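File shown: start02.json (JSON, C-alpha atoms (C1' of nucleotides)).
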[["chain", "number", "residue", "atom", "x", "y", "z"],
["A", 191, "MET", "CA", 0.00, 0.00, 0.00],
["A", 192, "THR", "CA", 1.40, 3.35, -0.99],
["A", 193, "ALA", "CA", -1.10, 5.50, 0.84],
["A", 194, "SER", "CA", -0.07, 4.32, 4.26],
["A", 195, "VAL", "CA", 3.44, 5.62, 4.05],
["A", 196, "GLN", "CA", 2.25, 8.96, 2.85],
["A", 197, "ALA", "CA", -0.46, 9.37, 5.43],
["A", 198, "THR", "CA", 2.07, 8.76, 8.14],
["A", 199, "ARG", "CA", 3.97, 11.87, 7.21],
["A", 200, "GLN", "CA", 1.02, 14.15, 6.67],
["A", 201, "ASN", "CA", 1.21, 15.73, 10.08],
["A", 202, "THR", "CA", 3.93, 18.30, 9.51],
["A", 203, "GLY", "CA", 6.50, 15.59, 10.14],
["A", 204, "GLU", "CA", 5.85, 15.98, 13.83],
["A", 205, "ARG", "CA", 7.58, 13.22, 15.72],
["A", 206, "LEU", "CA", 6.43, 12.31, 19.19],
["A", 207, "LEU", "CA", 8.60, 11.08, 22.03],
["A", 208, "THR", "CA", 7.72, 8.92, 25.00],
["A", 209, "PRO", "CA", 8.37, 10.11, 28.57],
["A", 210, "GLY", "CA", 11.23, 7.64, 28.85],
["A", 211, "GLU", "CA", 12.91, 8.98, 25.72],
["A", 212, "VAL", "CA", 12.62, 12.57, 26.89],
["A", 213, "ALA", "CA", 13.96, 11.54, 30.27],
["A", 214, "SER", "CA", 16.99, 9.96, 28.61],
["A", 215, "LEU", "CA", 17.68, 13.13, 26.64],
["A", 216, "PHE", "CA", 17.62, 15.29, 29.77],
["A", 217, "ARG", "CA", 19.27, 12.69, 31.98],
["A", 218, "VAL", "CA", 16.41, 12.85, 34.44],
["A", 219, "ASP", "CA", 13.82, 10.48, 35.82],
["A", 220, "PRO", "CA", 10.67, 9.95, 33.70],
["A", 221, "LYS", "CA", 8.71, 11.11, 36.72],
["A", 222, "THR", "CA", 10.38, 14.49, 36.46],
["A", 223, "VAL", "CA", 9.30, 14.82, 32.85],
["A", 224, "THR", "CA", 5.76, 14.11, 33.98],
["A", 225, "ARG", "CA", 6.01, 16.93, 36.51],
["A", 226, "TRP", "CA", 7.19, 19.29, 33.78],
["A", 227, "ALA", "CA", 4.09, 18.45, 31.78],
["A", 228, "THR", "CA", 1.82, 18.90, 34.78],
["A", 229, "ALA", "CA", 3.40, 22.25, 35.58],
["A", 230, "GLY", "CA", 2.98, 23.35, 31.97],
["A", 231, "ARG", "CA", 6.72, 23.73, 31.44],
["A", 232, "ILE", "CA", 6.44, 21.47, 28.40],
["A", 233, "GLY", "CA", 3.52, 20.72, 26.12],
["A", 234, "SER", "CA", 2.18, 17.19, 26.04],
["A", 235, "ILE", "CA", -0.23, 15.05, 24.05],
["A", 236, "ARG", "CA", -2.27, 12.45, 25.88],
["A", 237, "THR", "CA", -3.22, 9.12, 24.38],
["A", 238, "PRO", "CA", -6.80, 7.96, 24.92],
["A", 239, "GLY", "CA", -5.31, 5.69, 27.57],
["A", 240, "GLY", "CA", -3.83, 8.62, 29.48],
["A", 241, "HIS", "CA", -0.15, 8.23, 28.61],
["A", 242, "ARG", "CA", 1.77, 11.34, 27.52],
["A", 243, "ARG", "CA", 3.65, 11.98, 24.29],
["A", 244, "PHE", "CA", 5.97, 14.94, 23.73],
["A", 245, "ARG", "CA", 6.81, 16.83, 20.55],
["A", 246, "GLU", "CA", 10.40, 16.29, 19.54],
["A", 247, "SER", "CA", 10.69, 19.85, 18.18],
["A", 248, "GLU", "CA", 9.69, 21.30, 21.52],
["A", 249, "VAL", "CA", 12.09, 19.02, 23.36],
["A", 250, "GLN", "CA", 14.91, 20.00, 21.04],
["A", 251, "ALA", "CA", 14.11, 23.65, 21.66],
["A", 252, "LEU", "CA", 14.39, 23.12, 25.40],
["A", 253, "LEU", "CA", 17.64, 21.26, 24.94],
["A", 254, "SER", "CA", 18.99, 24.18, 22.92],
["A", 255, "GLU", "CA", 18.24, 26.50, 25.78],
["A", 256, "LEU", "CA", 20.27, 24.26, 28.02],
["A", 257, "THR", "CA", 23.30, 24.37, 25.76],
["A", 258, "THR", "CA", 23.13, 28.14, 25.92],
["A", 259, "GLU", "CA", 23.68, 27.64, 29.63],
["A", 260, "ALA", "CA", 23.58, 31.02, 31.26],
["A", 261, "THR", "CA", 24.75, 31.57, 34.81],
["A", 262, "GLU", "CA", 21.38, 33.15, 35.32],
["A", 263, "PRO", "CA", 18.29, 30.96, 35.45],
["A", 264, "VAL", "CA", 15.96, 31.37, 32.50],
["A", 265, "ARG", "CA", 12.99, 33.38, 33.58],
["A", 266, "HIS", "CA", 9.76, 31.87, 32.29],
["B", 101, "MET", "CA", -8.38, 17.12, -6.35],
["B", 102, "THR", "CA", -9.21, 16.02, -9.78],
["B", 103, "ALA", "CA", -6.25, 13.98, -10.65],
["B", 104, "SER", "CA", -4.40, 10.98, -9.39],
["B", 105, "VAL", "CA", -5.10, 11.03, -5.73],
["B", 106, "GLN", "CA", -8.00, 8.72, -5.38],
["B", 107, "ALA", "CA", -7.82, 7.77, -1.76],
["B", 108, "THR", "CA", -10.49, 5.96, 0.11],
["B", 109, "ARG", "CA", -13.38, 8.35, 0.01],
["B", 110, "GLN", "CA", -16.78, 7.92, 1.46],
["B", 111, "ASN", "CA", -19.90, 9.72, 0.44],
["B", 112, "THR", "CA", -19.26, 12.30, 3.10],
["B", 113, "GLY", "CA", -15.71, 12.79, 1.91],
["B", 114, "GLU", "CA", -14.59, 11.07, 5.09],
["B", 115, "ARG", "CA", -11.09, 9.68, 4.91],
["B", 116, "LEU", "CA", -10.48, 6.38, 6.61],
["B", 117, "LEU", "CA", -7.23, 5.56, 8.35],
["B", 118, "THR", "CA", -5.69, 2.17, 9.01],
["B", 119, "PRO", "CA", -4.65, 1.12, 12.53],
["B", 120, "GLY", "CA", -1.02, 1.60, 11.55],
["B", 121, "GLU", "CA", -1.61, 5.17, 10.44],
["B", 122, "VAL", "CA", -3.45, 6.06, 13.63],
["B", 123, "ALA", "CA", -0.69, 4.40, 15.62],
["B", 124, "SER", "CA", 1.90, 6.58, 13.91],
["B", 125, "LEU", "CA", -0.02, 9.74, 14.75],
["B", 126, "PHE", "CA", -0.17, 8.87, 18.46],
["B", 127, "ARG", "CA", 3.26, 7.24, 18.60],
["B", 128, "VAL", "CA", 1.82, 3.95, 19.83],
["B", 129, "ASP", "CA", 1.68, 0.35, 18.69],
["B", 130, "PRO", "CA", -1.04, -0.61, 16.17],
["B", 131, "LYS", "CA", -2.26, -3.16, 18.67],
["B", 132, "THR", "CA", -2.90, -0.34, 21.10],
["B", 133, "VAL", "CA", -5.20, 1.35, 18.60],
["B", 134, "THR", "CA", -7.08, -1.92, 18.35],
["B", 135, "ARG", "CA", -7.55, -1.93, 22.12],
["B", 136, "TRP", "CA", -8.90, 1.61, 21.96],
["B", 137, "ALA", "CA", -11.52, 0.43, 19.48],
["B", 138, "THR", "CA", -12.36, -2.60, 21.62],
["B", 139, "ALA", "CA", -12.67, -0.43, 24.72],
["B", 140, "GLY", "CA", -14.87, 2.02, 22.84],
["B", 141, "ARG", "CA", -12.44, 4.93, 23.27],
["B", 142, "ILE", "CA", -12.49, 5.46, 19.51],
["B", 143, "GLY", "CA", -15.07, 4.63, 16.87],
["B", 144, "SER", "CA", -14.16, 2.01, 14.29],
["B", 145, "ILE", "CA", -15.51, 0.64, 11.03],
["B", 146, "ARG", "CA", -14.99, -2.98, 10.13],
["B", 147, "THR", "CA", -14.24, -4.23, 6.67],
["B", 148, "PRO", "CA", -16.08, -7.33, 5.46],
["B", 149, "GLY", "CA", -12.89, -9.21, 6.30],
["B", 150, "GLY", "CA", -12.80, -7.97, 9.87],
["B", 151, "HIS", "CA", -10.09, -5.31, 9.63],
["B", 152, "ARG", "CA", -10.72, -1.96, 11.35],
["B", 153, "ARG", "CA", -10.74, 1.50, 9.77],
["B", 154, "PHE", "CA", -10.89, 4.80, 11.66],
["B", 155, "ARG", "CA", -12.36, 8.16, 10.70],
["B", 156, "GLU", "CA", -9.69, 10.77, 10.18],
["B", 157, "SER", "CA", -11.92, 13.54, 11.56],
["B", 158, "GLU", "CA", -12.39, 11.65, 14.79],
["B", 159, "VAL", "CA", -8.67, 10.98, 15.10],
["B", 160, "GLN", "CA", -7.83, 14.63, 14.43],
["B", 161, "ALA", "CA", -10.39, 15.70, 17.01],
["B", 162, "LEU", "CA", -8.80, 13.38, 19.53],
["B", 163, "LEU", "CA", -5.38, 14.83, 18.82],
["B", 164, "SER", "CA", -6.66, 18.39, 19.09],
["B", 165, "GLU", "CA", -8.44, 17.81, 22.35],
["B", 166, "LEU", "CA", -5.54, 16.09, 23.98],
["B", 167, "THR", "CA", -2.81, 18.27, 22.56],
["B", 168, "THR", "CA", -2.84, 21.18, 24.97],
["B", 169, "GLU", "CA", -2.95, 19.97, 28.49],
["B", 170, "ALA", "CA", -1.38, 22.98, 30.08],
["B", 171, "THR", "CA", -3.99, 25.50, 31.07],
["B", 172, "GLU", "CA", -1.31, 27.35, 32.96],
["B", 173, "PRO", "CA", 0.11, 30.47, 31.32],
["B", 174, "VAL", "CA", 3.21, 29.41, 29.47],
["B", 175, "ARG", "CA", 5.59, 32.30, 28.96],
["B", 176, "HIS", "CA", 8.50, 32.29, 26.60],
["C", 167, "DA", "C1'", -2.50, -18.45, -9.66],
["C", 168, "DG", "C1'", 0.63, -16.41, -6.55],
["C", 169, "DT", "C1'", 3.45, -12.52, -3.16],
["C", 170, "DC", "C1'", 3.65, -9.78, 1.02],
["C", 171, "DA", "C1'", 2.98, -5.91, 4.26],
["C", 172, "DG", "C1'", -0.64, -5.14, 7.52],
["C", 173, "DT", "C1'", -4.10, -6.80, 10.79],
["C", 174, "DG", "C1'", -6.58, -9.70, 14.35],
["C", 175, "DG", "C1'", -6.49, -12.62, 18.42],
["C", 176, "DG", "C1'", -4.09, -14.30, 22.46],
["C", 177, "DG", "C1'", -0.66, -14.00, 25.95],
["C", 178, "DT", "C1'", 3.30, -12.12, 28.54],
["C", 179, "DA", "C1'", 7.01, -8.29, 29.77],
["C", 180, "DA", "C1'", 7.97, -3.38, 30.02],
["C", 181, "DT", "C1'", 6.35, 1.74, 30.81],
["C", 182, "DT", "C1'", 3.62, 4.94, 32.64],
["C", 183, "DA", "C1'", 0.31, 7.37, 35.81],
["C", 184, "DG", "C1'", -0.80, 8.68, 40.28],
["C", 185, "DG", "C1'", -0.15, 9.45, 45.15],
["C", 186, "DG", "C1'", 2.89, 9.73, 49.01],
["C", 187, "DA", "C1'", 7.10, 10.06, 51.88],
["C", 188, "DG", "C1'", 12.23, 11.24, 52.06],
["D", 80, "DC", "C1'", 11.28, 24.80, 45.12],
["D", 81, "DC", "C1'", 12.88, 20.80, 42.60],
["D", 82, "DT", "C1'", 14.14, 15.95, 42.11],
["D", 83, "DG", "C1'", 14.64, 10.67, 42.82],
["D", 84, "DT", "C1'", 12.54, 6.64, 44.88],
["D", 85, "DC", "C1'", 8.73, 3.32, 46.61],
["D", 86, "DC", "C1'", 4.22, 1.51, 45.84],
["D", 87, "DT", "C1'", -0.20, -0.22, 43.18],
["D", 88, "DA", "C1'", -3.07, -0.04, 39.17],
["D", 89, "DA", "C1'", -3.61, 0.92, 34.46],
["D", 90, "DT", "C1'", -1.83, 1.25, 29.85],
["D", 91, "DT", "C1'", 1.24, 0.01, 26.41],
["D", 92, "DA", "C1'", 4.86, -2.90, 23.83],
["D", 93, "DC", "C1'", 6.52, -7.18, 21.93],
["D", 94, "DC", "C1'", 5.98, -12.20, 21.09],
["D", 95, "DC", "C1'", 3.46, -16.03, 18.60],
["D", 96, "DC", "C1'", 0.47, -17.76, 14.34],
["D", 97, "DA", "C1'", -3.55, -17.35, 10.93],
["D", 98, "DC", "C1'", -6.07, -14.38, 7.98],
["D", 99, "DT", "C1'", -7.09, -10.13, 5.18],
["D", 100, "DG", "C1'", -6.19, -6.70, 1.66],
["D", 101, "DA", "C1'", -3.99, -4.73, -2.46]]

Give the structure from the file, written as structure tokens.
Amino acid sequence: MTASVQATRQNTGERLLTPGEVASLFRVDPKTVTRWATAGRIGSIRTPGGHRRFRESEVQALLSELTTEATEPVRH
Amino acid sequence: MTASVQATRQNTGERLLTPGEVASLFRVDPKTVTRWATAGRIGSIRTPGGHRRFRESEVQALLSELTTEATEPVRH
DNA sequence: AGTCAGTGGGGTAATTAGGGAG
DNA sequence: CCTGTCCTAATTACCCCACTGA
């Protein structure tokens, strides 16, 4: 089927990450990532079952801010 | 859309997605989408052979509803 | 007639959510 | 204020084999 491959990429090429994957990127516990989502520090998509998925683009953006590492905490 | 793209179209112009396509959108396993249908979390249409198809509008609505969880003011 | 990726059904590990205490 | 760990329950992921769909 040729349509399946195409339909997969229709959504702006937005890749989603699991809490565990995000946790690995930040070197933190998955629970911490969950708290970030609850506090609204990072956007999240919930599956019908209640599990969270995170946009890779948003995660990358947050990682970029970390590499810019200022001595002063980022005011949000 | 007058040319080549002749995807699965219903009378209502409703596009149908396969379990694999829906799974890609939510970053879950196709089997998980099947469980959603079994649990009634998402509507499904069965082919004469028993395979499930899902309405794109319903899937998109699910994604939209569950996309923004943070009601807290997010400042950047 | 065939091929072959995708799906369904069943069952068993691995993640995750949520609260709570350190 | 933020994070890592412990706990139970729920959800999800990966394994098998047989069938469907294009």

When the cut-off is 12 Å and we count only C-alpha atoms (C1' of nucleotides), which residues of chain D are near chain B, given as an MDAnalysis selection string? chainID D and resid 90:93 98:100

Could you write out that same residue set with C-alpha atoms (C1' of nucleotides) as a short mmCIF file (atom, residue, chain, number, x, y, z; two decimals), in the frame of the given file?
data_model
loop_
_atom_site.label_atom_id
_atom_site.label_comp_id
_atom_site.auth_asym_id
_atom_site.auth_seq_id
_atom_site.Cartn_x
_atom_site.Cartn_y
_atom_site.Cartn_z
"C1'" DT D 90 -1.83 1.25 29.85
"C1'" DT D 91 1.24 0.01 26.41
"C1'" DA D 92 4.86 -2.90 23.83
"C1'" DC D 93 6.52 -7.18 21.93
"C1'" DC D 98 -6.07 -14.38 7.98
"C1'" DT D 99 -7.09 -10.13 5.18
"C1'" DG D 100 -6.19 -6.70 1.66
#

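Closest approach to chain A from the set B:Leu116, B:Ile145, B:Val159, B:Leu125 is made by B:Leu125, with distances taken over all atoms listed in the file.
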
Take atom CA of B:Pro119 and atom CA of B:Val133 and report the distance between them in Å, one decimal. 6.1 Å

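Distance annotation: of A:Thr224, A:Ser214, A:Ser234, A:Ser247, the residue with the minimal separation from chain C is A:Thr224; atom set is only C-alpha atoms (C1' of nucleotides).
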
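Distance criterion 10 Å to chain B, applied with all atoms listed in the file, yields DG172, DT173 and DG174 of chain C on chain C.
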
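A straight line drawn from atom CA of A:Phe244 to atom CA of A:Leu207 is 5.0 Å long.
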
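A cut-off of 8 Å from the point (6.3, -11.5, 24.5), with only C-alpha atoms (C1' of nucleotides), picks out the residues DG177, DT178 and DA179 of chain C; DC93, DC94 and DC95 of chain D.
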
Counting all atoms listed in the file, the option among A:Arg217, A:Trp226, A:Glu248, A:Gly233 closest to chain B: A:Gly233

Identify which of the residues A:Ala251, A:Leu256, A:Ala213, A:Arg231 lies closest to chain B, counting all atoms listed in the file when measuring atom-to-atom distances. A:Arg231

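Across the model, the gap from atom C1' of C:DT182 to atom CA of A:Arg236 is 11.7 Å.
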